[in-house]
Structures are given as C-alpha cells and as structure tokens.
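Accompanying notes for the structure given below.
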Amino acid sequence: MGNSSTKLAEKCSLLTKDEVPLVASSFKLVSKNSDRIKEDDLMKFWGSQMDPRLAQYITNFLFGSLGSRSSVVEFQKFAELYVYCVRGSVDERISVLLTCLGHSGSESADIAYPLIKEYVEAVVSSYMRALRLESGPQFKSWESKGFRIIKECIQKLADSLVYDVVQPGTQKVTRTDAERWLQANPTFLKMLEHVFSHLYNYRSTKSPQEEPIAVRGSMECASRLLPFCEGLEYVPDFPATTDITQILYINSNLPQDFQNKWRFLFSSQIHGESFSTLLGRIMDQGPSVIIVEDTNGYVFGGFAPASWCLSANFAGDTSTFLFTLRPKMRCFESTTYNNHYQYLNLHQQTMPNGLGMGGQHNFWGLWLDSEYGIGESSESCTTFKGYSQLSANKKFQIRNIEVWAVGEKPSTESDDEVKKIKIVFSSRKVINCLCLLSLKCSQKSPGRSVLQGNTETKAILEMAGKRQYSEGIRDEFFE
C-alpha cells in the first residue's frame, strides 16, 4: 500500500502526510484498485452511509451536474472533496456547496433558500446516520435508555441551523450571505466534517488505533456534539420528553466546558409532580438544563450556568439561554441588557415563589410556579436576544419537567472535608510506616538510626509533629 499511496499523493498536494493513507485507501476500495471511480461504484460503496439527497449532491461535485457530467472521477477531485469538507476554508466549503447545488460558484450567483435548506438537512440527516452506524459510547449511552432519532426532529434541527442564512424579506441567498452564515455556524461545520470523515473512513483497512491522528481527532471532536448520559442506570424505561437530535441541539449551544456529560436529576413522571421534590433534586448540582413540556405539546426550557439555590437575588451569567424544541428549535442568547438570568425563591410573603429565568417579576421569559403545574412565558423578554414566547399560551399547564445537570458534579464543603480526612489518614499511614521502619532498622543496627543521613524522612516526621528523641543523644551514647 505504501508505494501506491505515495504515487496517489503525488497527484494531490492538498493532502497532509496523515491524510494520504486514509484517502488513498478509500479511493482504491471504491475504484476497485483502478485509477478512476465510476458513479455507480461510488453509490454502491457510500450509498447506505448517508442521506440519498446528500449522495446526489456529492455526485454533482465529483462528476459534474446534468448536461456536463463525466462518467468517472480521478483521485485529485476525490481528495479535494475530503479536504474541503473536513478542514477547508469558508471559501472552499462554500464552493463545494454551490457546486453540489449545480451553481458555478460565481460571486453574483443567487441560490434559492429551499435548496440550501435541503442541503443542510441532508448533511444533518447523514450526520445522525453516521452516529447511529458508528454507535460510539455517547450514542450508546442514550440509545440504551430508550432515546431515539426522530425524522421530524432532524428537519427541525436543520431548519434551526439555516433559518438566518436568508436576508429578511427575500428567498434568495448570495454567496456573501452563505459565507456569513457558515462562519457563524460551528455546529453545522462540525457535522459536515464528521460526515465526510465517516465516509472516507468507511471500511478502512486500518483499526481505529491505527488511523491517522488527524482523522481520529476530527471525528472525536465532532462526536462531542452529543454528550454522555449518566444517572439512568436504574431507570430501565425512562419516559423521555426529548430525542437524541434535540439533546444534541441543546448541548451544541452550551459552553464547551459543559458539553461532555449530562447527569439526570429530575423527571416529574418518575419523581412525582411536586415543586419541593424538584428543588430537593436540583439545588447545589451545578449548571443544569431544564426541559418543560406543556399540555399543548410545546417543548422548551433553559440553561442555568449557576447552581440553583434559594435567594431573593438573581444568579447566573451571560452564558444563560432559553430555547424551544417544539414546534421549532430556536435558541435565545443573552442580550446583556440586564442580569435577570436565574431566580429561585420559596415561602416568601413579598417576593414571587417559584423558579424563573429572564424578564422580571410577573413578566418572565420562563416561570415555574411553586404551586406545581402552573407556568408562564411572556410575549417579550429583554434578557434574551430574539426571544419569542416559548409556550403556546402565556400561562400554561405543565405536562412534564426534566432537569439534567451538565458537566462534572461540583464539590461541596462536605466533599472537601472528606478529602482532607483521607489525606490526613493517608499521611498518618506513611508516617507510621516510616516510624516502624526506623524502629526495625535501629533494632538491627543498635548503633545507628535509620534517619541518620536521611534528611527527607526526618523533615516529614518534623512536619507531622513527631519529635525525634534520639537526636543528639544516640551518637554520644554509642561512642
């Protein structure tokens, strides 16, 4: 494989040293060890690995659009597709997009918005398919607990990623519009990267351990859009409000430090419809995501970066956001206009009792009343950018609530005390062992202490408050 890979690499200077074996191996498998790939062979090889619409778009790039279509593709073009989609510049990725859609890629070319939307949906669908086929640890942690991928949610996720590509009042997208949109969509770029890393790695002759580091790194990075699921080990039939696509959408909007893991805290279908039970399970658990379903079927919620605790004051910071999952997927980030991010209070006479996010007292972005089952979402909220009412009605009835902690569990004062005790006991064990060793050695050599000439051990004993009674006496006594 070495010599043939080198020869192929000479035909494409775009590839790095790590990428040559992967792309060359994929090319030889698809081309059946020839120097060209036929369209039918490519579709037989890759067809089951992606959405059929993306397959058609890819053939447009590799073989040309209808009317000027080639019957084969050579290594150079095959390698270009990989490089541009996995690590290409914005300009290169836009060129791929336009070519896939049958455009020449000129600056003046306008693209119909529905075409770009379908392209994005094809990529999102292929990404979710790749996650399922690879069945990595993140995916398994959710699927094993009953979470699924729902086609309707894939469409909504694609819509959420592409809705702002078009200028208000028009259905035409210029190349400049597309570039601006792509630069502001890291989630879509990670999905695109993962899809093509998956395709070119499909049926690779190398094991995952032998894959080039650059390839493994790109796939692992994109896989982190989906977190690990923890805390459902003893809940065999979890009544999920969300699907895997929706989990991925929320997670992709979290600060990076909190994207690795979700820890289950509360579900009203499991723990009961009780506000006090809700508080008991979510307080002091670190950053969290609240997901609410109202009786009209709307699903929405918010990310709280601070631990929930009872207070008359607001908590949280500018990373706080609200979101909707149904009927649309949208995320509303902080405007920094005010700091009314998180509020939680109970048993107060003059202050609202309940949990709130955004807005102000009696005009909340999201409000869950202490009288369980009642909620509110105002028509407007100055705390969050682009905000629109989350629920079907301003005042709503709750069907279900889920709360997930995100990231690692924060340590508490009691945890710190336990750690200190463990350290103390561990230190005492070391000191006792040293003392025992000293005693044994002195018994074997009565004229000399084991500590003589061992300044480090003597220093440890001094720090522990162990007095060395023989210091200055032993040498004189045994002279």
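Naming scheme: A, B, ... for chains in displayed order of the structure tokens; residues 1 onward per chain; ligands 1 onward as shown.
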Requested in this report: Enumerate, as a PyMOL selection string, the complete set of residues in region 93-328 of chain A that a backbone-based DSSP assignment places in strand (DSSP E or B).
Outcome: chain A and resi 111-112+172-173+228-230+261-267+283+288-294+299-304+308+311-315+321-326
Those same residues - C-alpha atoms - I'd like them written as a short mmCIF file (atom, residue, chain, number, x, y, z; two decimals), in the first residue's frame.
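Output (result07.cif):
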```cif
data_model
loop_
_atom_site.label_atom_id
_atom_site.label_comp_id
_atom_site.auth_asym_id
_atom_site.auth_seq_id
_atom_site.Cartn_x
_atom_site.Cartn_y
_atom_site.Cartn_z
CA ILE A 111 -29.28 30.43 -4.61
CA ALA A 112 -32.88 29.60 -3.73
CA LYS A 172 -32.59 34.39 -2.45
CA VAL A 173 -29.17 33.74 -0.91
CA PHE A 228 -22.56 11.15 27.61
CA CYS A 229 -25.73 10.25 29.51
CA GLU A 230 -25.37 9.41 33.20
CA LYS A 261 -21.69 14.91 30.12
CA TRP A 262 -25.37 15.16 31.17
CA ARG A 263 -26.37 13.84 34.61
CA PHE A 264 -30.03 13.04 35.17
CA LEU A 265 -31.57 14.88 38.13
CA PHE A 266 -35.36 15.02 37.89
CA SER A 267 -38.39 13.90 35.90
CA MET A 283 -30.27 22.50 44.17
CA SER A 288 -28.27 22.49 34.56
CA VAL A 289 -30.73 22.25 31.69
CA ILE A 290 -34.47 22.44 32.39
CA ILE A 291 -36.83 20.98 29.77
CA VAL A 292 -40.58 21.63 30.03
CA GLU A 293 -43.48 20.20 28.03
CA ASP A 294 -46.81 21.98 28.29
CA VAL A 299 -41.35 21.73 24.47
CA PHE A 300 -38.97 24.42 25.72
CA GLY A 301 -36.59 25.27 28.55
CA GLY A 302 -33.38 26.96 29.57
CA PHE A 303 -29.73 26.54 30.51
CA ALA A 304 -28.78 27.74 34.01
CA TRP A 308 -29.87 26.58 41.87
CA SER A 311 -32.36 33.61 47.18
CA ALA A 312 -34.17 36.90 46.68
CA ASN A 313 -31.46 37.86 44.16
CA PHE A 314 -30.87 36.79 40.58
CA ALA A 315 -27.97 34.44 39.74
CA PHE A 321 -30.03 30.97 27.41
CA LEU A 322 -33.60 29.89 26.77
CA PHE A 323 -34.63 27.54 23.96
CA THR A 324 -37.58 25.90 22.23
CA LEU A 325 -37.60 22.38 20.81
CA ARG A 326 -41.17 22.09 19.57
#
```
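The space between CA of Leu131 (chain A) and CA of Tyr113 (chain A) spans 27.3 Å.
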Requested in this report: Could you check which of A:Asn260, A:His103, A:Phe396, A:Lys385 is closest to Cys331 (chain A), using only C-alpha atoms?
Outcome: A:Lys385
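Minimum distance to Ala405 (chain A) across A:Met351, A:Leu254, A:Leu189, A:Met50 (counting only C-alpha atoms) occurs at A:Leu254.
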Query raised in the report: Which neighbours of region 153-164 of chain A fall inside 8 Å, counting only C-alpha atoms, when residues of the same chain fewer than 6 positions from it are skipped, and could you give them as a list in words?
Result: Ile116, Lys117, Val120, Glu121, Val124, Ser125, Trp181, Asn185, Phe188, Asp243, Thr245, Gln246, Tyr249, Lys328, Met329 and Arg330 of chain A
Preceding selection exported with C-alpha atoms as a CSV table (one decimal), in the first residue's frame:
```
chain,number,residue,atom,x,y,z
A,116,ILE,CA,-29.7,25.4,0.8
A,117,LYS,CA,-32.2,24.3,3.4
A,120,VAL,CA,-28.2,21.4,5.3
A,121,GLU,CA,-31.0,18.9,6.1
A,124,VAL,CA,-27.7,16.8,9.4
A,125,SER,CA,-29.6,13.6,8.4
A,181,TRP,CA,-23.9,32.2,7.7
A,185,ASN,CA,-22.4,28.1,12.4
A,188,PHE,CA,-23.0,22.7,11.0
A,243,ASP,CA,-35.0,12.6,21.3
A,245,THR,CA,-31.4,15.1,18.0
A,246,GLN,CA,-32.9,17.6,20.5
A,249,TYR,CA,-29.1,20.7,19.7
A,328,LYS,CA,-39.5,24.9,16.3
A,329,MET,CA,-35.9,24.7,17.5
A,330,ARG,CA,-34.6,28.1,18.5
```
